[in-house]
Each structure stands twice: as C-alpha cells, then as structure tokens.
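Asks: Dropping in start.pdb, with PDB, C-alpha atoms and all ligand atoms.
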MODEL        1
ATOM      1  CA  MET A   7      -1.624  -6.093 -16.353  1.00  0.00           C
ATOM      2  CA  LYS A   8       1.393  -3.886 -15.808  1.00  0.00           C
ATOM      3  CA  LEU A   9       0.802  -0.138 -15.342  1.00  0.00           C
ATOM      4  CA  ALA A  10       3.239   2.773 -15.373  1.00  0.00           C
ATOM      5  CA  ILE A  11       1.992   5.928 -13.656  1.00  0.00           C
ATOM      6  CA  LEU A  12       3.726   9.271 -13.902  1.00  0.00           C
ATOM      7  CA  SER A  13       2.829  12.723 -12.613  1.00  0.00           C
ATOM      8  CA  ASP A  14       4.005  16.306 -12.155  1.00  0.00           C
ATOM      9  CA  ILE A  15       5.983  16.740 -15.364  1.00  0.00           C
ATOM     10  CA  HIS A  16       6.011  20.519 -14.856  1.00  0.00           C
ATOM     11  CA  GLY A  17       7.207  21.486 -18.320  1.00  0.00           C
ATOM     12  CA  ASN A  18      10.421  19.476 -18.039  1.00  0.00           C
ATOM     13  CA  LEU A  19      10.580  17.616 -21.355  1.00  0.00           C
ATOM     14  CA  THR A  20      14.133  16.396 -20.716  1.00  0.00           C
ATOM     15  CA  ALA A  21      12.925  14.530 -17.626  1.00  0.00           C
ATOM     16  CA  LEU A  22       9.750  13.311 -19.361  1.00  0.00           C
ATOM     17  CA  ASP A  23      11.732  11.830 -22.276  1.00  0.00           C
ATOM     18  CA  ALA A  24      14.070  10.060 -19.841  1.00  0.00           C
ATOM     19  CA  VAL A  25      11.100   8.568 -17.963  1.00  0.00           C
ATOM     20  CA  LEU A  26       9.305   7.466 -21.148  1.00  0.00           C
ATOM     21  CA  ASN A  27      12.550   5.856 -22.311  1.00  0.00           C
ATOM     22  CA  ASP A  28      12.782   3.959 -19.013  1.00  0.00           C
ATOM     23  CA  VAL A  29       9.101   2.965 -19.194  1.00  0.00           C
ATOM     24  CA  ALA A  30       9.763   1.480 -22.659  1.00  0.00           C
ATOM     25  CA  TYR A  31      12.057  -1.127 -21.037  1.00  0.00           C
ATOM     26  CA  GLU A  32       9.388  -2.095 -18.488  1.00  0.00           C
ATOM     27  CA  SER A  33       7.004  -3.674 -21.038  1.00  0.00           C
ATOM     28  CA  VAL A  34       3.931  -2.034 -19.523  1.00  0.00           C
ATOM     29  CA  ASP A  35       0.405  -2.456 -20.870  1.00  0.00           C
ATOM     30  CA  LYS A  36      -0.808   1.025 -19.966  1.00  0.00           C
ATOM     31  CA  VAL A  37       0.675   4.411 -19.006  1.00  0.00           C
ATOM     32  CA  ILE A  38      -1.363   6.920 -16.949  1.00  0.00           C
ATOM     33  CA  CYS A  39      -0.535  10.560 -16.128  1.00  0.00           C
ATOM     34  CA  LEU A  40      -1.731  12.387 -13.004  1.00  0.00           C
ATOM     35  CA  GLY A  41      -1.505  16.010 -14.130  1.00  0.00           C
ATOM     36  CA  ASP A  42       0.573  19.156 -13.553  1.00  0.00           C
ATOM     37  CA  ILE A  43       1.919  18.763 -17.072  1.00  0.00           C
ATOM     38  CA  ALA A  44       3.060  22.226 -18.080  1.00  0.00           C
ATOM     39  CA  TYR A  45       3.552  24.925 -15.412  1.00  0.00           C
ATOM     40  CA  LYS A  46       6.971  25.741 -13.887  1.00  0.00           C
ATOM     41  CA  GLY A  47       9.164  24.393 -16.668  1.00  0.00           C
ATOM     42  CA  PRO A  48      10.704  25.699 -19.898  1.00  0.00           C
ATOM     43  CA  GLU A  49       8.900  23.343 -22.333  1.00  0.00           C
ATOM     44  CA  PRO A  50       5.211  23.442 -21.391  1.00  0.00           C
ATOM     45  CA  SER A  51       3.786  22.927 -24.884  1.00  0.00           C
ATOM     46  CA  GLU A  52       6.165  20.110 -25.750  1.00  0.00           C
ATOM     47  CA  CYS A  53       5.129  18.205 -22.605  1.00  0.00           C
ATOM     48  CA  VAL A  54       1.395  18.647 -23.235  1.00  0.00           C
ATOM     49  CA  SER A  55       1.800  17.641 -26.899  1.00  0.00           C
ATOM     50  CA  LYS A  56       3.736  14.524 -25.987  1.00  0.00           C
ATOM     51  CA  ILE A  57       1.155  13.268 -23.473  1.00  0.00           C
ATOM     52  CA  GLN A  58      -1.606  14.106 -25.954  1.00  0.00           C
ATOM     53  CA  LYS A  59       0.110  12.447 -28.948  1.00  0.00           C
ATOM     54  CA  LEU A  60       0.917   9.299 -26.995  1.00  0.00           C
ATOM     55  CA  ASP A  61      -2.771   9.149 -26.023  1.00  0.00           C
ATOM     56  CA  ILE A  62      -1.885   8.684 -22.342  1.00  0.00           C
ATOM     57  CA  PRO A  63      -4.990   8.928 -20.115  1.00  0.00           C
ATOM     58  CA  CYS A  64      -4.484  11.927 -17.844  1.00  0.00           C
ATOM     59  CA  VAL A  65      -6.254  13.790 -15.027  1.00  0.00           C
ATOM     60  CA  TYR A  66      -5.755  17.495 -14.322  1.00  0.00           C
ATOM     61  CA  GLY A  67      -3.521  18.867 -11.562  1.00  0.00           C
ATOM     62  CA  ASN A  68      -3.745  22.113  -9.622  1.00  0.00           C
ATOM     63  CA  THR A  69      -1.227  23.923 -11.838  1.00  0.00           C
ATOM     64  CA  ASP A  70      -3.173  22.875 -14.955  1.00  0.00           C
ATOM     65  CA  LEU A  71      -6.112  24.761 -13.378  1.00  0.00           C
ATOM     66  CA  TYR A  72      -3.788  27.730 -12.646  1.00  0.00           C
ATOM     67  CA  LEU A  73      -2.988  28.048 -16.363  1.00  0.00           C
ATOM     68  CA  LEU A  74      -6.645  27.705 -17.366  1.00  0.00           C
ATOM     69  CA  GLY A  75      -7.604  30.298 -14.722  1.00  0.00           C
ATOM     70  CA  ALA A  76      -5.074  32.767 -16.147  1.00  0.00           C
ATOM     71  CA  MET A  77      -6.573  32.218 -19.613  1.00  0.00           C
ATOM     72  CA  GLY A  78     -10.126  32.642 -18.321  1.00  0.00           C
ATOM     73  CA  ILE A  79     -10.966  29.111 -19.497  1.00  0.00           C
ATOM     74  CA  LYS A  80     -13.122  26.792 -17.387  1.00  0.00           C
ATOM     75  CA  ASN A  81     -12.362  23.091 -17.164  1.00  0.00           C
ATOM     76  CA  LEU A  82     -15.852  21.691 -17.689  1.00  0.00           C
ATOM     77  CA  GLN A  83     -14.996  18.378 -16.026  1.00  0.00           C
ATOM     78  CA  SER A  84     -13.928  20.133 -12.839  1.00  0.00           C
ATOM     79  CA  HIS A  85     -16.125  20.311  -9.739  1.00  0.00           C
ATOM     80  CA  GLU A  86     -13.690  22.822  -8.267  1.00  0.00           C
ATOM     81  CA  PRO A  87     -14.003  26.606  -8.534  1.00  0.00           C
ATOM     82  CA  SER A  88     -12.016  28.288 -11.323  1.00  0.00           C
ATOM     83  CA  TYR A  89      -8.609  29.418 -10.158  1.00  0.00           C
ATOM     84  CA  ILE A  90      -8.134  33.178  -9.950  1.00  0.00           C
ATOM     85  CA  PRO A  91      -4.416  33.993 -10.084  1.00  0.00           C
ATOM     86  CA  SER A  92      -2.943  36.891  -8.150  1.00  0.00           C
ATOM     87  CA  PRO A  93      -1.533  39.786 -10.193  1.00  0.00           C
ATOM     88  CA  TYR A  94       1.928  38.697  -9.046  1.00  0.00           C
ATOM     89  CA  GLU A  95       1.560  35.184 -10.421  1.00  0.00           C
ATOM     90  CA  LEU A  96       0.126  36.304 -13.751  1.00  0.00           C
ATOM     91  CA  PRO A  97       3.421  37.187 -15.503  1.00  0.00           C
ATOM     92  CA  TYR A  98       4.747  33.701 -14.698  1.00  0.00           C
ATOM     93  CA  LEU A  99       1.578  31.972 -15.857  1.00  0.00           C
ATOM     94  CA  ASN A 100       1.487  34.198 -18.949  1.00  0.00           C
ATOM     95  CA  TRP A 101       5.036  33.199 -19.941  1.00  0.00           C
ATOM     96  CA  HIS A 102       3.826  29.600 -20.113  1.00  0.00           C
ATOM     97  CA  ILE A 103       0.623  30.541 -21.925  1.00  0.00           C
ATOM     98  CA  GLU A 104       2.662  32.451 -24.543  1.00  0.00           C
ATOM     99  CA  HIS A 105       4.644  29.267 -25.126  1.00  0.00           C
ATOM    100  CA  MET A 106       1.565  27.040 -25.473  1.00  0.00           C
ATOM    101  CA  SER A 107      -0.807  26.436 -28.389  1.00  0.00           C
ATOM    102  CA  LYS A 108      -4.584  26.623 -28.622  1.00  0.00           C
ATOM    103  CA  SER A 109      -4.658  22.842 -28.909  1.00  0.00           C
ATOM    104  CA  ASP A 110      -2.605  22.515 -25.672  1.00  0.00           C
ATOM    105  CA  ASN A 111      -5.103  24.761 -23.866  1.00  0.00           C
ATOM    106  CA  GLU A 112      -8.097  22.851 -25.202  1.00  0.00           C
ATOM    107  CA  TYR A 113      -6.497  19.607 -24.118  1.00  0.00           C
ATOM    108  CA  LEU A 114      -5.985  20.891 -20.545  1.00  0.00           C
ATOM    109  CA  SER A 115      -9.553  22.201 -20.420  1.00  0.00           C
ATOM    110  CA  LYS A 116     -10.951  18.725 -21.129  1.00  0.00           C
ATOM    111  CA  LEU A 117      -8.901  16.716 -18.625  1.00  0.00           C
ATOM    112  CA  PRO A 118     -11.045  14.912 -16.036  1.00  0.00           C
ATOM    113  CA  PHE A 119     -10.669  15.142 -12.241  1.00  0.00           C
ATOM    114  CA  GLU A 120     -10.243  11.382 -11.809  1.00  0.00           C
ATOM    115  CA  TYR A 121      -9.637   8.237 -13.801  1.00  0.00           C
ATOM    116  CA  ARG A 122     -10.927   4.804 -12.773  1.00  0.00           C
ATOM    117  CA  PHE A 123     -10.789   1.267 -14.052  1.00  0.00           C
ATOM    118  CA  GLU A 124     -10.988  -2.316 -12.816  1.00  0.00           C
ATOM    119  CA  VAL A 125      -8.608  -5.129 -13.653  1.00  0.00           C
ATOM    120  CA  ASP A 126      -7.815  -8.488 -12.040  1.00  0.00           C
ATOM    121  CA  ASP A 127     -10.831  -8.028  -9.697  1.00  0.00           C
ATOM    122  CA  GLN A 128      -9.324  -4.844  -8.267  1.00  0.00           C
ATOM    123  CA  SER A 129     -10.551  -1.266  -8.625  1.00  0.00           C
ATOM    124  CA  PHE A 130      -8.103   1.569  -9.278  1.00  0.00           C
ATOM    125  CA  LEU A 131      -8.702   5.273  -8.665  1.00  0.00           C
ATOM    126  CA  PHE A 132      -6.225   7.834 -10.056  1.00  0.00           C
ATOM    127  CA  VAL A 133      -6.276  11.498  -8.937  1.00  0.00           C
ATOM    128  CA  HIS A 134      -3.784  14.362  -8.743  1.00  0.00           C
ATOM    129  CA  GLY A 135      -4.212  15.446  -5.084  1.00  0.00           C
ATOM    130  CA  THR A 136      -6.781  13.486  -3.072  1.00  0.00           C
ATOM    131  CA  PRO A 137     -10.197  12.038  -4.007  1.00  0.00           C
ATOM    132  CA  LYS A 138     -11.712  15.307  -2.686  1.00  0.00           C
ATOM    133  CA  ASP A 139      -9.856  17.884  -4.797  1.00  0.00           C
ATOM    134  CA  CYS A 140      -6.648  18.511  -6.712  1.00  0.00           C
ATOM    135  CA  TYR A 141      -5.203  20.904  -4.085  1.00  0.00           C
ATOM    136  CA  SER A 142      -5.259  18.763  -0.935  1.00  0.00           C
ATOM    137  CA  ALA A 143      -2.690  16.072  -0.232  1.00  0.00           C
ATOM    138  CA  ILE A 144      -1.910  12.946   1.716  1.00  0.00           C
ATOM    139  CA  GLN A 145       1.663  13.128   2.996  1.00  0.00           C
ATOM    140  CA  PRO A 146       3.748  10.111   4.017  1.00  0.00           C
ATOM    141  CA  HIS A 147       3.889  11.360   7.632  1.00  0.00           C
ATOM    142  CA  ASP A 148       0.135  12.059   7.949  1.00  0.00           C
ATOM    143  CA  SER A 149      -1.842  10.453  10.766  1.00  0.00           C
ATOM    144  CA  ILE A 150      -3.983   7.415  10.029  1.00  0.00           C
ATOM    145  CA  GLN A 151      -7.032   9.542  10.973  1.00  0.00           C
ATOM    146  CA  HIS A 152      -6.199  12.099   8.271  1.00  0.00           C
ATOM    147  CA  VAL A 153      -5.599   9.342   5.725  1.00  0.00           C
ATOM    148  CA  GLU A 154      -8.865   7.532   6.546  1.00  0.00           C
ATOM    149  CA  SER A 155     -10.906  10.760   6.399  1.00  0.00           C
ATOM    150  CA  SER A 156      -9.300  11.670   3.057  1.00  0.00           C
ATOM    151  CA  ILE A 157     -10.241   8.350   1.492  1.00  0.00           C
ATOM    152  CA  SER A 158     -13.646   7.722   3.092  1.00  0.00           C
ATOM    153  CA  ASN A 159     -16.254   6.561   0.541  1.00  0.00           C
ATOM    154  CA  ILE A 160     -13.846   6.209  -2.380  1.00  0.00           C
ATOM    155  CA  SER A 161     -14.772   2.569  -3.067  1.00  0.00           C
ATOM    156  CA  ALA A 162     -11.450   1.621  -4.635  1.00  0.00           C
ATOM    157  CA  ASP A 163      -8.879  -0.999  -3.731  1.00  0.00           C
ATOM    158  CA  TRP A 164      -6.077   1.209  -4.995  1.00  0.00           C
ATOM    159  CA  LEU A 165      -5.646   4.985  -4.813  1.00  0.00           C
ATOM    160  CA  ILE A 166      -2.837   6.419  -6.930  1.00  0.00           C
ATOM    161  CA  MET A 167      -1.846  10.080  -6.448  1.00  0.00           C
ATOM    162  CA  GLY A 168       0.771  12.686  -7.424  1.00  0.00           C
ATOM    163  CA  HIS A 169       0.919  16.359  -6.341  1.00  0.00           C
ATOM    164  CA  ILE A 170       3.353  16.217  -3.394  1.00  0.00           C
ATOM    165  CA  HIS A 171       6.379  15.238  -5.519  1.00  0.00           C
ATOM    166  CA  LYS A 172       7.358  12.519  -3.035  1.00  0.00           C
ATOM    167  CA  GLN A 173       6.981   8.778  -3.597  1.00  0.00           C
ATOM    168  CA  PHE A 174       5.352   6.466  -1.077  1.00  0.00           C
ATOM    169  CA  ILE A 175       3.385   3.254  -0.673  1.00  0.00           C
ATOM    170  CA  PHE A 176       0.974   2.942   2.245  1.00  0.00           C
ATOM    171  CA  ARG A 177      -1.569   0.245   3.018  1.00  0.00           C
ATOM    172  CA  SER A 178      -4.661   1.433   4.934  1.00  0.00           C
ATOM    173  CA  ALA A 179      -7.427  -0.872   6.154  1.00  0.00           C
ATOM    174  CA  ASN A 180      -9.080  -1.302   2.743  1.00  0.00           C
ATOM    175  CA  THR A 181      -6.977   0.582   0.240  1.00  0.00           C
ATOM    176  CA  VAL A 182      -3.409   0.624  -1.020  1.00  0.00           C
ATOM    177  CA  LEU A 183      -2.228   4.232  -1.409  1.00  0.00           C
ATOM    178  CA  VAL A 184       0.617   5.019  -3.790  1.00  0.00           C
ATOM    179  CA  ASN A 185       2.261   8.312  -4.636  1.00  0.00           C
ATOM    180  CA  THR A 186       4.180   8.403  -7.913  1.00  0.00           C
ATOM    181  CA  GLY A 187       6.581  11.239  -7.052  1.00  0.00           C
ATOM    182  CA  ALA A 188       7.351  13.833  -9.738  1.00  0.00           C
ATOM    183  CA  VAL A 189       8.833  13.485 -13.212  1.00  0.00           C
ATOM    184  CA  GLY A 190       9.960  17.060 -13.670  1.00  0.00           C
ATOM    185  CA  PHE A 191      10.481  18.639 -10.275  1.00  0.00           C
ATOM    186  CA  SER A 192      11.471  16.402  -7.401  1.00  0.00           C
ATOM    187  CA  LEU A 193      10.833  17.607  -3.844  1.00  0.00           C
ATOM    188  CA  ASP A 194      12.260  14.771  -1.783  1.00  0.00           C
ATOM    189  CA  GLY A 195      15.949  15.662  -1.989  1.00  0.00           C
ATOM    190  CA  ASP A 196      16.613  13.124  -4.761  1.00  0.00           C
ATOM    191  CA  PRO A 197      16.985  15.023  -8.049  1.00  0.00           C
ATOM    192  CA  ARG A 198      16.192  12.023 -10.247  1.00  0.00           C
ATOM    193  CA  ALA A 199      12.845  11.804 -12.069  1.00  0.00           C
ATOM    194  CA  ALA A 200      10.258   9.521 -10.445  1.00  0.00           C
ATOM    195  CA  TYR A 201       7.459   7.227 -11.570  1.00  0.00           C
ATOM    196  CA  VAL A 202       5.884   3.940 -10.409  1.00  0.00           C
ATOM    197  CA  THR A 203       4.891   0.654 -11.993  1.00  0.00           C
ATOM    198  CA  ILE A 204       2.179  -1.668 -10.661  1.00  0.00           C
ATOM    199  CA  ASP A 205       1.864  -5.309 -11.603  1.00  0.00           C
ATOM    200  CA  THR A 206      -1.860  -5.767 -10.962  1.00  0.00           C
ATOM    201  CA  THR A 207      -1.726  -9.567 -11.112  1.00  0.00           C
ATOM    202  CA  ARG A 208       0.853  -9.819  -8.357  1.00  0.00           C
ATOM    203  CA  GLY A 209      -0.162  -6.622  -6.513  1.00  0.00           C
ATOM    204  CA  LYS A 210       3.444  -5.473  -6.749  1.00  0.00           C
ATOM    205  CA  VAL A 211       4.390  -1.778  -6.725  1.00  0.00           C
ATOM    206  CA  THR A 212       7.859  -0.622  -7.825  1.00  0.00           C
ATOM    207  CA  LEU A 213       9.113   2.922  -7.180  1.00  0.00           C
ATOM    208  CA  HIS A 214      11.400   3.972 -10.035  1.00  0.00           C
ATOM    209  CA  ARG A 215      14.003   6.755 -10.170  1.00  0.00           C
ATOM    210  CA  VAL A 216      15.594   7.840 -13.424  1.00  0.00           C
ATOM    211  CA  ASN A 217      18.690   9.965 -14.025  1.00  0.00           C
ATOM    212  CA  TYR A 218      18.275  12.664 -16.633  1.00  0.00           C
ATOM    213  CA  ASP A 219      20.358  15.510 -18.030  1.00  0.00           C
ATOM    214  CA  ILE A 220      19.484  18.311 -15.588  1.00  0.00           C
ATOM    215  CA  GLU A 221      22.015  20.685 -17.155  1.00  0.00           C
ATOM    216  CA  LYS A 222      20.290  20.263 -20.530  1.00  0.00           C
ATOM    217  CA  ALA A 223      16.958  21.289 -18.928  1.00  0.00           C
ATOM    218  CA  VAL A 224      18.654  24.357 -17.379  1.00  0.00           C
ATOM    219  CA  GLN A 225      20.238  25.303 -20.725  1.00  0.00           C
ATOM    220  CA  ILE A 226      16.817  25.119 -22.398  1.00  0.00           C
ATOM    221  CA  ALA A 227      15.448  27.402 -19.641  1.00  0.00           C
ATOM    222  CA  LYS A 228      18.258  29.900 -20.341  1.00  0.00           C
ATOM    223  CA  LYS A 229      17.753  29.802 -24.119  1.00  0.00           C
ATOM    224  CA  ARG A 230      14.014  30.312 -23.786  1.00  0.00           C
ATOM    225  CA  ASP A 231      14.367  33.164 -21.327  1.00  0.00           C
ATOM    226  CA  PHE A 232      12.293  31.170 -18.828  1.00  0.00           C
ATOM    227  CA  CYS A 233      10.225  33.294 -16.454  1.00  0.00           C
ATOM    228  CA  PHE A 234      11.793  31.837 -13.301  1.00  0.00           C
ATOM    229  CA  SER A 235      15.506  32.605 -13.091  1.00  0.00           C
ATOM    230  CA  PRO A 236      17.709  29.808 -14.492  1.00  0.00           C
ATOM    231  CA  GLU A 237      19.754  30.034 -11.254  1.00  0.00           C
ATOM    232  CA  TRP A 238      16.681  29.300  -9.122  1.00  0.00           C
ATOM    233  CA  TYR A 239      15.474  26.612 -11.539  1.00  0.00           C
ATOM    234  CA  GLY A 240      18.892  24.932 -11.851  1.00  0.00           C
ATOM    235  CA  GLU A 241      19.460  24.884  -8.103  1.00  0.00           C
ATOM    236  CA  ALA A 242      15.996  23.430  -7.468  1.00  0.00           C
ATOM    237  CA  LEU A 243      16.471  20.654 -10.054  1.00  0.00           C
ATOM    238  CA  ARG A 244      19.986  19.795  -8.833  1.00  0.00           C
ATOM    239  CA  LYS A 245      18.885  19.666  -5.172  1.00  0.00           C
ATOM    240  CA  GLY A 246      15.573  17.875  -5.756  1.00  0.00           C
ATOM    241  CA  TRP A 247      14.064  20.593  -3.620  1.00  0.00           C
ATOM    242  CA  TRP A 248      12.871  24.132  -4.255  1.00  0.00           C
ATOM    243  CA  GLU A 249      13.140  27.186  -2.128  1.00  0.00           C
ATOM    244  CA  PRO A 250       9.840  29.100  -2.177  1.00  0.00           C
ATOM    245  CA  ILE A 251       9.316  30.701  -5.577  1.00  0.00           C
ATOM    246  CA  PRO A 252      10.383  34.332  -5.363  1.00  0.00           C
ATOM    247  CA  TYR A 253       7.003  35.791  -6.271  1.00  0.00           C
ATOM    248  CA  PRO A 254       6.977  39.449  -5.240  1.00  0.00           C
ATOM    249  CA  GLU A 255       3.922  38.870  -3.063  1.00  0.00           C
ATOM    250  CA  ARG A 256       5.842  36.420  -0.916  1.00  0.00           C
ATOM    251  CA  VAL A 257       8.291  39.182  -0.044  1.00  0.00           C
ATOM    252  CA  LYS A 258       5.407  41.472   0.786  1.00  0.00           C
ATOM    253  CA  ILE A 259       3.699  38.858   2.952  1.00  0.00           C
ATOM    254  CA  ASP A 260       6.984  38.163   4.752  1.00  0.00           C
ATOM    255  CA  GLN A 261       7.393  41.862   5.442  1.00  0.00           C
ATOM    256  CA  LEU A 262       3.863  42.151   6.792  1.00  0.00           C
ATOM    257  CA  ASN A 263       4.444  39.211   9.095  1.00  0.00           C
ATOM    258  CA  ARG A 264       7.558  40.669  10.643  1.00  0.00           C
TER
HETATM  259 FE    FE B   1       3.002  19.459  -9.020  1.00  0.00          FE
ENDMDL
END
Please render this file's structure as structure tokens.

Replies:
Amino acid sequence: MKLAILSDIHGNLTALDAVLNDVAYESVDKVICLGDIAYKGPEPSECVSKIQKLDIPCVYGNTDLYLLGAMGIKNLQSHEPSYIPSPYELPYLNWHIEHMSKSDNEYLSKLPFEYRFEVDDQSFLFVHGTPKDCYSAIQPHDSIQHVESSISNISADWLIMGHIHKQFIFRSANTVLVNTGAVGFSLDGDPRAAYVTIDTTRGKVTLHRVNYDIEKAVQIAKKRDFCFSPEWYGEALRKGWWEPIPYPERVKIDQLNR
C-alpha cells in the first residue's frame, strides 16, 4: 500500500491544492491528514471543506483545539483539557471563526486524537504532536532518551507526526518515526510545501517538497483583510520561517522580562 500523509495546512488553500495535485501523480492508495487545518491562514473554511469533502481521515492538531476553545466547543474525542485562549489571541481566532461555517466547526469538533491501522504486518500510529498529546513534540535534534520516553508503550511499528513543521525520518529501537513537515507554513527555512509518502510493502519513506504560488496566497490574505498583517504573513511564507506572531501580550511579556 502507498500512503500520502500531510499535516499543518494552516488555512493555506493555495499550498494544499499544490500538494494534492502532486499527490495525484504519486498513485497513492490512501491520504491521511494530521491536523492544524485552519488557523493562521486566509482560507480556513476552504481548507476544512476540502479535507472533509475528499473524505481524508484526519486527527486534530493544537490549533484546531484553539479554534474550538474560542468557540466554547468541546472536542468530545479529546482527552486533553479544553483550550482557553487569552484575550489577546481571541481577535485572531475570531477572524478565522467568522470565516468558517457551522459544518466546519462540527467537523473539527469530531476529529479524533489519533488514527491507527495495520497493513503488510505493520502497525501505523498517526498523531499531530506526540502519542501523549497534541501540544508536545519530538524534534529532530532531541536526545534518544526523550524520544524513547515519548514513545514508550505506543505499540506501533510506525509513528507518523506533524506539528513541528519540519520533516524528518528517525529509526528508534522498535519504531520508525516520521515527521511530515507542513503544507501551509514551513518552519525549516525551505518555503516549499511538504508532505511524505510511505510505501508500506517496501518500508520506503519519501520526503516531498512542492513549489506553490506564495504570492497568490499573500494576495488572498490582502483581499480578505487577514487578521495577521500581509507583510508578516508574506515574509513568513517566503522565508519558510516565522518571526514570533506579534500578539500584544508578547510585547507585554518582553517588557516585563527586561
Ligand atoms: Fe501547526
């Protein structure tokens, strides 16, 4: 079986369409999404609708819980506490919520924490962050001790994650760990969209990067009066890296720390 796994679309439909177009040439049997579908991009509803319409199995990410928290909606599949946004984040979350439909919100509220299946005598576990929660992460430079404690008791041959917006493949004692990277908001200095394919018969992982029209995404942000400034958004997409989001509370915290 050939799988394509994508994650962290972050409301960037231009990048998502480019990735789905690329996936179409890969003749995959199954596509899986690892969450963070809507927040921090100018087309949140369009991204949720597309994943929903294509019937792509999906788990929730931390920013999907942020949006639900701002709406006062509980994800009933979640074992994690409801997210309570700060008053400074709310206007940004609310911009997205105003651009999303009831059906989008219902869809996010029903996403599971994890997705599992077995094929070719191998077990696959898909999560957004780590098997413990959607907020924590395994980074490519983490110590083997941190990795082993993060994956203890997962009983899976493969662990596929998103969340950190950086691709990697890592083989621990009993498990192959893969990070898909991000479709809509790269954070590894390469502005191209990222996804992975896995050929389960051969155990082969391929890290894919896809060029997309970044300027089109920035123009859409401008036209929609996106809550984050188009200058900040455009620079982040072009660099494949974001400077900390200029939430007012960050300024206040910085001032307190000085
Ligand atoms: Fe993300």

Asks: Selected by the PyMOL selection byres (((not hetatm)) within 8 of (chain B and resi 1)) in the shown coordinates: which residues, as JSON, numbers by chain?

Replies: {"A": [13, 14, 15, 16, 41, 42, 67, 68, 69, 168, 169, 170, 171, 188, 191]}

Asks: For Asp231 (chain A), please output as an mmCIF file with C-alpha atoms, keeping the file's coordinate frame all residues within 12 Å (counting all atoms listed in the file; exclusion window: fewer than 6 positions along the same chain).

Replies:
data_model
loop_
_atom_site.group_PDB
_atom_site.id
_atom_site.type_symbol
_atom_site.label_atom_id
_atom_site.label_comp_id
_atom_site.auth_asym_id
_atom_site.auth_seq_id
_atom_site.Cartn_x
_atom_site.Cartn_y
_atom_site.Cartn_z
ATOM 1 C CA GLY A 47 9.164 24.393 -16.668
ATOM 2 C CA PRO A 48 10.704 25.699 -19.898
ATOM 3 C CA GLU A 49 8.900 23.343 -22.333
ATOM 4 C CA TYR A 98 4.747 33.701 -14.698
ATOM 5 C CA TRP A 101 5.036 33.199 -19.941
ATOM 6 C CA HIS A 102 3.826 29.600 -20.113
ATOM 7 C CA HIS A 105 4.644 29.267 -25.126
ATOM 8 C CA VAL A 224 18.654 24.357 -17.379
ATOM 9 C CA GLN A 225 20.238 25.303 -20.725
ATOM 10 C CA GLU A 237 19.754 30.034 -11.254
ATOM 11 C CA TYR A 239 15.474 26.612 -11.539
#

Asks: Taking the file as shown, find all residues satisfying the PyMOL selection byres (((chain A and resi 39) around 7) and not hetatm) and write them as number ranges by chain.

Replies: A: 11-13, 37-38, 40-41, 62-65

Asks: Counting all atoms listed in the file, which residues of region 97-145 of chain A fall within 9 Å of region 199-210 of chain A, and what is the closest atom pair for each with its distance in Å at one decimal, ordered by chain and rising number, as a Markdown table?

Replies:
| residue | atom | partner | partner_atom | distance |
| --- | --- | --- | --- | --- |
| A:Val125 | CA | A:Thr206 | CA | 7.3 |
| A:Asp126 | CA | A:Thr207 | CA | 6.3 |
| A:Gln128 | CA | A:Thr206 | CA | 8.0 |

Asks: Produce the centre coordinates and the three edge lengths, each in Å to one decimal, of the box along x, y and z that contains all listed atoms of region 69-82 of chain A with 8 Å added on each side, as JSON.

Replies:
{"center_x": -8.5, "center_y": 27.2, "center_z": -15.7, "size_x": 30.6, "size_y": 27.1, "size_z": 23.8}

Asks: Could you state which residues are captured by the PyMOL selection byres (((chain A and resi 118) around 8) and not hetatm) in this file, as a list in words?

Replies: Cys64, Val65, Tyr66, Gln83, Ser84, Lys116, Leu117, Phe119, Glu120 and Tyr121 of chain A

Asks: Output C-alpha atoms of each residue in that selection to a file, as a PDB file, keeping the file's coordinate frame.

Replies:
ATOM      1  CA  CYS A  64      -4.484  11.927 -17.844  1.00  0.00           C
ATOM      2  CA  VAL A  65      -6.254  13.790 -15.027  1.00  0.00           C
ATOM      3  CA  TYR A  66      -5.755  17.495 -14.322  1.00  0.00           C
ATOM      4  CA  GLN A  83     -14.996  18.378 -16.026  1.00  0.00           C
ATOM      5  CA  SER A  84     -13.928  20.133 -12.839  1.00  0.00           C
ATOM      6  CA  LYS A 116     -10.951  18.725 -21.129  1.00  0.00           C
ATOM      7  CA  LEU A 117      -8.901  16.716 -18.625  1.00  0.00           C
ATOM      8  CA  PHE A 119     -10.669  15.142 -12.241  1.00  0.00           C
ATOM      9  CA  GLU A 120     -10.243  11.382 -11.809  1.00  0.00           C
ATOM     10  CA  TYR A 121      -9.637   8.237 -13.801  1.00  0.00           C
TER      11      TYR A 121
END

Asks: Taking all atoms listed in the file into account, name the residue in A:Val182, A:Leu114, A:Leu60, A:Ala10 that is nearest to Ile43 (chain A).

Replies: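 For Ile43 (chain A), the nearest of the candidates is A:Leu114.
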